[in-house]
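Peer 1: First the structure, which I've put down as structure tokens, then a few questions once you've had a look.
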Amino acid sequence: MPALFWVLVVALLMLQLVTRVSSGSFDTSILALLPQDKQQPVVEKALRRMDSLVANRVLFLIGGDETDRAALREQADRVAGDLAASDVFDRVSTRPSSGSLSALADVYEPYRYQLLPDPVVQKLAAGEAEQLVSRAARELVNPVGRPRPASAVDDPLNLLGHWLDSLTPAGGFALDEHGLFARDNERHYRVITASFQGDAFDQRTQKRVLEAVAGAEQGLEGSAEVTEILRSGLVFHAAAGAKQAKGELSTIGIGSVLAILLLLLWQFRSLPYVLLPVVSVGVGLLVALSTTLMVFGRVHLVTLAFGASLVGVSVDYAFHYLCYARQRRAWRIGPILPGIGLGLVSSCLAYGAQALTPFPGLQQIAVFSAAGLAGAWLTVVFWLPPLTGYFAKPERPGPLAGWLDKLAGGRLLLLLALVVVAAVAFAGIPRVHFDDRLAALQSSPAELVAQEQTIQALSRNTGSARFLLVEGRSVQQVLEREEQVRKTLDKWVADGRLQSYLAASDLVPSIDRQRRYRALVEASIYQAGLPAQLFDRLGMPEQLAQRSQASFEQRPQAWLTPDKLAQTPVAGVLAVRWLAGDEQESPAALISLGAVASGDVYDELQQLAESLDGVRFVDRVRQTSQLLADYRGTLGQWLALAYGLVLLVLIVRYRWQCWRVILPPALATLMTLGLLSAFGQPLNLFHLLATLLILGIGLDIGIFVRESHGQSHAWEAVTLSAATSLLAFGLLALSETPVLHHYGMTVLPGIALAWLIAFVLQRRTQR
């Protein structure tokens, strides 16, 4: 009856899993493991706005020789057309979101007398306006000079032209009438921007985007002018990381599965005995995945990788039963039920304690682990006795028993080897150091990283990871505070410490600044008679100067504001630099930063922000790295708590002999971390996650052996469990994916040491 009830439960869980699971049910972003940053709403809003710059956006640069710029433009237009025709991208363009230069001129023309770039202001303030007159005269007689959006009468010194030249509507790229471009010495690049709907970490989205891009780029293969194609976009890095992780899991996984099957066939020499543990583990993973999806809605691939390692723990129950049944030639599970029951409780305590932490990743792993272990345990208890009695015939113990007997004869040599390893490990303990940098966990291909860096250099933009956030009670206070910040940033740009920056007040100065600049134009240009000097130099009628004066005086004093700019084609550019306020939130501005000369500049940016009212420096790289460090620290604390909870349970069961059970995993964990440090390996969060598996396997070794009084069937079971775990997850040390590599590098020595310590410490009997 219990077996039928468990069949029904498993069937229901499988049914709901089929209805829920899809490629969109899995996360691949490391950040999805971390808790949301509990900052003020305006900071969270700013982070979301900066994320919008990269999350669903891709960038392409079609490069070649400067002399082939016309052909490059045609090829870029063709690629953009192919991308748009794919129906994958909702917007594809070779122009900035603000449109053409003429569109920008139309936006700013009504405010031409109060919008001045810094070089013009400096010349007017220094009494060097004659240089502006000379330049304006040259531009009027030179048909290929600076664009002149307004007439010579309305704007004699072409102030609007100077202003448009100072803008960066292309986000760091240059802009001509044909669209965006970049130049690097004799190299010319045409720029294509595109955006898509969907999550960049969703594998379905990745597949559609990559297929569309490959199809568009295929048409460039026969082009002699196009010699370089550069890509930038989060979706490319996410797809590369997922592909690498899947590839390694499949190759390493296939090899480990084959090795495990051969090991089990060598020991049991019976196909049913090989398949029955697979049934228990498979049901456990099904229960774990189904439960986790019900609780969280999505499952992270790291959770799956860690959860898959539960095979090493959950298979213990099946091995323990099968080895006992073969030796005793009986299918009753009652005699070993206390042992595997205590193993389940202790493992669930060890893993389940992580559910109490504030970290989503640990919570998800805790639920996955506890559900998976319970599912595997119930399968062994309810299904394996009847299945074993039906499919398998009692046989004598396999060859592993003889191998263990021989090994027991050399216990002194094993003890000496353990002492040597321990000496090396404890020598490495003082050298333990941690590397929690997010960069240490990235595994993007070198070619993709190089393309990203080239694009960042050409666009003078390092992305959305670091920026200054300027807040204030009103729109004008925010703009004035931002202009105050820019004074320091301009000095750093001039000194070469900061390559560039983009600010909202680049596009819309404060009203106070506009008022001062209009007064400066009136005093230094019109009252000084500069229009008359210009027209006289060009031999034009002096009436033009009078008409120019009248045009200035008759222009109403209307001030440009972010709200007005938001109603124009420049709204798309402003949106990534400005957060409009509402009844609940005050307005804020974002200053995105270009490359810096050294990492010390980030410390100076933090100091600058702290010295000014309403300014803060948001460094997502540093904050995420700190979050990983906090995550690691919290996991370490809860790992200690898990050991404490397990120790209490063991004391109740074994009294003072509990040290024989708890010491192997504890000592193995300490020695593993020491060995890694001794060989110069910095530790991080994922090394500690792997120690949970060491704890689970180590506890099962101690409990099963203790409950059986050291009988050989228990040693066979725990040895098989340790060996299969080493083959399944220790081989991940060969992975080039940092997360998997760190996990495997910890599991490999950790489980081996846990087994060896237990083998040396525990008594062994033949019955």
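Each chain of the structure tokens is named A, B, ... in the order shown, its residues numbered from 1; ligands are numbered from 1 in display order.
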Leaving out A:Gly409 and any residue of its chain fewer than 6 positions from it, which residues lie within 12 Å of it when counting only C-alpha atoms, given as a list of chain:residue names?
Peer 2: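 In the requested form, the answer reads A:Gly402, A:Trp403, A:Leu415, A:Phe759, A:Val760, A:Arg764.
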Peer 1: Just N, CA, C and O atoms for this one: save the residues we selected as a compact mmCIF listing (two decimals), in the first residue's frame.
Peer 2:
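File produced: out.txt:
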```txt
# COMPACT_ATOMS: atom_id res chain seq x y z
N GLY A 402 36.61 -7.93 -1.03
CA GLY A 402 37.99 -8.42 -0.96
C GLY A 402 39.00 -7.30 -1.07
O GLY A 402 40.04 -7.32 -0.39
N TRP A 403 38.70 -6.33 -1.90
CA TRP A 403 39.61 -5.19 -2.05
C TRP A 403 39.71 -4.41 -0.75
O TRP A 403 40.81 -3.99 -0.34
N LEU A 415 47.37 5.48 7.47
CA LEU A 415 47.46 6.48 8.54
C LEU A 415 48.65 7.40 8.33
O LEU A 415 48.55 8.62 8.50
N PHE A 759 37.79 5.39 7.32
CA PHE A 759 38.34 4.04 7.20
C PHE A 759 39.43 3.80 8.24
O PHE A 759 39.56 2.68 8.77
N VAL A 760 40.19 4.84 8.53
CA VAL A 760 41.26 4.72 9.52
C VAL A 760 40.68 4.71 10.94
O VAL A 760 41.17 3.97 11.81
N ARG A 764 36.13 -2.17 11.88
CA ARG A 764 35.56 -2.92 10.77
C ARG A 764 35.45 -4.38 11.16
O ARG A 764 36.41 -5.00 11.63
```
Peer 1: Give me the residues near A:Glu553 as a ChimeraX atom specification, where near means some atom within 12 Å (using only C-alpha atoms) and where sequence neighbours in that chain fewer than 3 positions away do not count.
Peer 2: /A:113,154,518-519,521-522,526-527,546-550,556-557
Peer 1: I'd like the neighbourhood of A:Leu404 as a VMD selection string, where a residue qualifies if any of its atoms comes within 10 Å (using only C-alpha atoms), though same-chain residues fewer than 2 positions away should be ignored.
Peer 2: chain A and resid 399 to 402 406 to 409 712 715 to 716 719 759
Peer 1: Rank A:Pro335, A:Ala242, A:Ile511, A:Arg231 by their smallest atom-to-atom distance to A:Ala558, using only C-alpha atoms, and report the top residue only.
Peer 2: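 Checking each of A:Pro335, A:Ala242, A:Ile511, A:Arg231 against A:Ala558, counting only C-alpha atoms, the winner is A:Ile511.
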Peer 1: For each of A:Val121, A:Ala752, A:Val739, A:Leu688, take the minimum atom-to-atom distance to A:Glu248, counting only C-alpha atoms, then give the residue where this is smallest.
Peer 2: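 Comparing A:Val121, A:Ala752, A:Val739, A:Leu688 against A:Glu248, the winner is A:Val739.
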Peer 1: May I have the residues within 10 Å of A:Arg481 as a VMD selection string, using only C-alpha atoms and disregarding those fewer than 5 positions away in the same chain?
Peer 2: chain A and resid 470 to 472 476 486 505 510 589 612 to 615
Peer 1: Can you list, as a PyMOL selection string, every protein, DNA or RNA residue that comes within 8 Å of stretch 122-134 of chain A when you count only C-alpha atoms, leaving out same-chain residues fewer than 2 positions away?
Peer 2: chain A and resi 118-120+136-138+157+520+524-525+530+533-534
Peer 1: Can I get the selected residues back with C-alpha atoms, as a PDB file, in the first residue's frame?
Peer 2:
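Generated file (part-v8.pdb):
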```
ATOM      1  CA  ASP A 118      32.388  75.037 -22.219  1.00  0.00           C
ATOM      2  CA  PRO A 119      35.004  76.133 -24.825  1.00  0.00           C
ATOM      3  CA  VAL A 120      32.691  78.913 -26.054  1.00  0.00           C
ATOM      4  CA  ALA A 136      32.267  82.082 -37.963  1.00  0.00           C
ATOM      5  CA  ALA A 137      33.585  84.068 -40.936  1.00  0.00           C
ATOM      6  CA  ARG A 138      35.551  81.082 -42.207  1.00  0.00           C
ATOM      7  CA  LEU A 157      28.488  83.131 -34.390  1.00  0.00           C
ATOM      8  CA  LEU A 520      26.829  86.284 -21.186  1.00  0.00           C
ATOM      9  CA  SER A 524      29.830  89.573 -24.738  1.00  0.00           C
ATOM     10  CA  ILE A 525      28.308  89.232 -28.206  1.00  0.00           C
ATOM     11  CA  LEU A 530      30.311  91.158 -32.616  1.00  0.00           C
ATOM     12  CA  GLN A 533      32.162  92.972 -36.873  1.00  0.00           C
ATOM     13  CA  LEU A 534      31.326  89.690 -38.582  1.00  0.00           C
TER      14      LEU A 534
END
```
Peer 1: Please provide the set of residues having any atom within 10 Å of A:Val649, restricted to only C-alpha atoms, with same-chain residues fewer than 2 positions apart removed, written as a list of chain:residue names.
Peer 2: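 Using only C-alpha atoms, the neighbours found are A:Leu342, A:Val345, A:Ser346, A:Leu349, A:Gly644, A:Leu645, A:Val646, A:Leu647, A:Ile651, A:Val652, A:Arg653, A:Tyr654, A:Arg655, A:Cys658.
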Peer 1: If you run DSSP over the backbone, which residues in stretch 545-608 of chain A end up helix (DSSP H, G or I)? Put them as an mmCIF file with N, CA and C atoms, in the first residue's frame.
Peer 2:
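Saved to part-v5.cif:
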```cif
data_model
loop_
_atom_site.group_PDB
_atom_site.id
_atom_site.type_symbol
_atom_site.label_atom_id
_atom_site.label_comp_id
_atom_site.auth_asym_id
_atom_site.auth_seq_id
_atom_site.Cartn_x
_atom_site.Cartn_y
_atom_site.Cartn_z
ATOM 1 N N ALA A 545 23.347 93.285 -39.133
ATOM 2 C CA ALA A 545 23.674 93.320 -37.707
ATOM 3 C C ALA A 545 22.485 93.814 -36.904
ATOM 4 N N GLN A 546 21.766 94.799 -37.433
ATOM 5 C CA GLN A 546 20.589 95.319 -36.735
ATOM 6 C C GLN A 546 19.492 94.254 -36.667
ATOM 7 N N ARG A 547 19.314 93.533 -37.775
ATOM 8 C CA ARG A 547 18.311 92.474 -37.782
ATOM 9 C C ARG A 547 18.700 91.347 -36.819
ATOM 10 N N SER A 548 19.987 91.066 -36.731
ATOM 11 C CA SER A 548 20.448 90.046 -35.794
ATOM 12 C C SER A 548 20.185 90.460 -34.360
ATOM 13 N N GLN A 549 20.423 91.772 -34.061
ATOM 14 C CA GLN A 549 20.162 92.297 -32.716
ATOM 15 C C GLN A 549 18.676 92.194 -32.389
ATOM 16 N N ALA A 550 17.849 92.508 -33.372
ATOM 17 C CA ALA A 550 16.398 92.452 -33.154
ATOM 18 C C ALA A 550 15.944 91.013 -32.941
ATOM 19 N N SER A 551 16.538 90.081 -33.686
ATOM 20 C CA SER A 551 16.177 88.671 -33.524
ATOM 21 C C SER A 551 16.481 88.197 -32.111
ATOM 22 N N PHE A 552 17.607 88.641 -31.564
ATOM 23 C CA PHE A 552 17.971 88.252 -30.199
ATOM 24 C C PHE A 552 16.997 88.844 -29.187
ATOM 25 N N GLU A 553 16.712 90.141 -29.347
ATOM 26 C CA GLU A 553 15.869 90.823 -28.353
ATOM 27 C C GLU A 553 14.434 90.337 -28.397
ATOM 28 N N GLN A 554 13.982 89.922 -29.578
ATOM 29 C CA GLN A 554 12.591 89.503 -29.710
ATOM 30 C C GLN A 554 12.383 88.034 -29.326
ATOM 31 N N PRO A 562 13.979 69.232 -18.574
ATOM 32 C CA PRO A 562 13.882 67.812 -18.936
ATOM 33 C C PRO A 562 12.499 67.408 -19.416
ATOM 34 N N ASP A 563 11.440 67.992 -18.820
ATOM 35 C CA ASP A 563 10.087 67.651 -19.257
ATOM 36 C C ASP A 563 9.862 68.037 -20.709
ATOM 37 N N LYS A 564 10.348 69.216 -21.105
ATOM 38 C CA LYS A 564 10.209 69.639 -22.505
ATOM 39 C C LYS A 564 11.039 68.745 -23.426
ATOM 40 N N LEU A 565 12.240 68.408 -22.982
ATOM 41 C CA LEU A 565 13.112 67.586 -23.815
ATOM 42 C C LEU A 565 12.551 66.178 -23.983
ATOM 43 N N ALA A 571 14.350 62.354 -26.422
ATOM 44 C CA ALA A 571 13.836 61.684 -25.226
ATOM 45 C C ALA A 571 14.542 60.357 -24.975
ATOM 46 N N GLY A 572 14.838 59.607 -26.032
ATOM 47 C CA GLY A 572 15.491 58.315 -25.854
ATOM 48 C C GLY A 572 16.875 58.432 -25.268
ATOM 49 N N VAL A 573 17.603 59.486 -25.647
ATOM 50 C CA VAL A 573 18.940 59.714 -25.093
ATOM 51 C C VAL A 573 18.838 60.190 -23.653
ATOM 52 N N LEU A 574 17.891 61.081 -23.392
ATOM 53 C CA LEU A 574 17.713 61.612 -22.041
ATOM 54 C C LEU A 574 17.287 60.514 -21.066
ATOM 55 N N ALA A 575 16.501 59.550 -21.539
ATOM 56 C CA ALA A 575 15.921 58.546 -20.650
ATOM 57 C C ALA A 575 16.967 57.748 -19.896
ATOM 58 N N ASP A 600 42.233 53.276 -8.733
ATOM 59 C CA ASP A 600 42.181 54.276 -7.670
ATOM 60 C C ASP A 600 41.140 55.347 -7.953
ATOM 61 N N VAL A 601 40.833 55.553 -9.243
ATOM 62 C CA VAL A 601 39.850 56.576 -9.594
ATOM 63 C C VAL A 601 38.485 56.232 -9.009
ATOM 64 N N TYR A 602 38.174 54.945 -8.915
ATOM 65 C CA TYR A 602 36.890 54.555 -8.336
ATOM 66 C C TYR A 602 36.830 54.927 -6.856
ATOM 67 N N ASP A 603 37.947 54.783 -6.157
ATOM 68 C CA ASP A 603 37.979 55.223 -4.760
ATOM 69 C C ASP A 603 37.783 56.733 -4.666
ATOM 70 N N GLU A 604 38.378 57.470 -5.599
ATOM 71 C CA GLU A 604 38.224 58.925 -5.607
ATOM 72 C C GLU A 604 36.794 59.328 -5.962
ATOM 73 N N LEU A 605 36.154 58.544 -6.831
ATOM 74 C CA LEU A 605 34.753 58.815 -7.138
ATOM 75 C C LEU A 605 33.883 58.630 -5.898
ATOM 76 N N GLN A 606 34.196 57.613 -5.103
ATOM 77 C CA GLN A 606 33.461 57.406 -3.866
ATOM 78 C C GLN A 606 33.669 58.577 -2.919
ATOM 79 N N GLN A 607 34.898 59.051 -2.814
ATOM 80 C CA GLN A 607 35.186 60.209 -1.962
ATOM 81 C C GLN A 607 34.492 61.463 -2.473
ATOM 82 N N LEU A 608 34.474 61.638 -3.796
ATOM 83 C CA LEU A 608 33.796 62.792 -4.382
ATOM 84 C C LEU A 608 32.313 62.766 -4.045
#
```
Peer 1: Please, which residues in stretch 377-476 of chain A fall within 8 Å of stretch 280-287 of chain A when counting only C-alpha atoms, and what is the closest atom pair and distance in Å to one decimal for each, ordered by chain then residue number, as a tab-separated table?
Peer 2:
```
residue	atom	partner	partner_atom	distance
A:Trp377	CA	A:Ser280	CA	7.5
A:Thr379	CA	A:Ser280	CA	5.4
A:Val380	CA	A:Ser280	CA	6.1
```
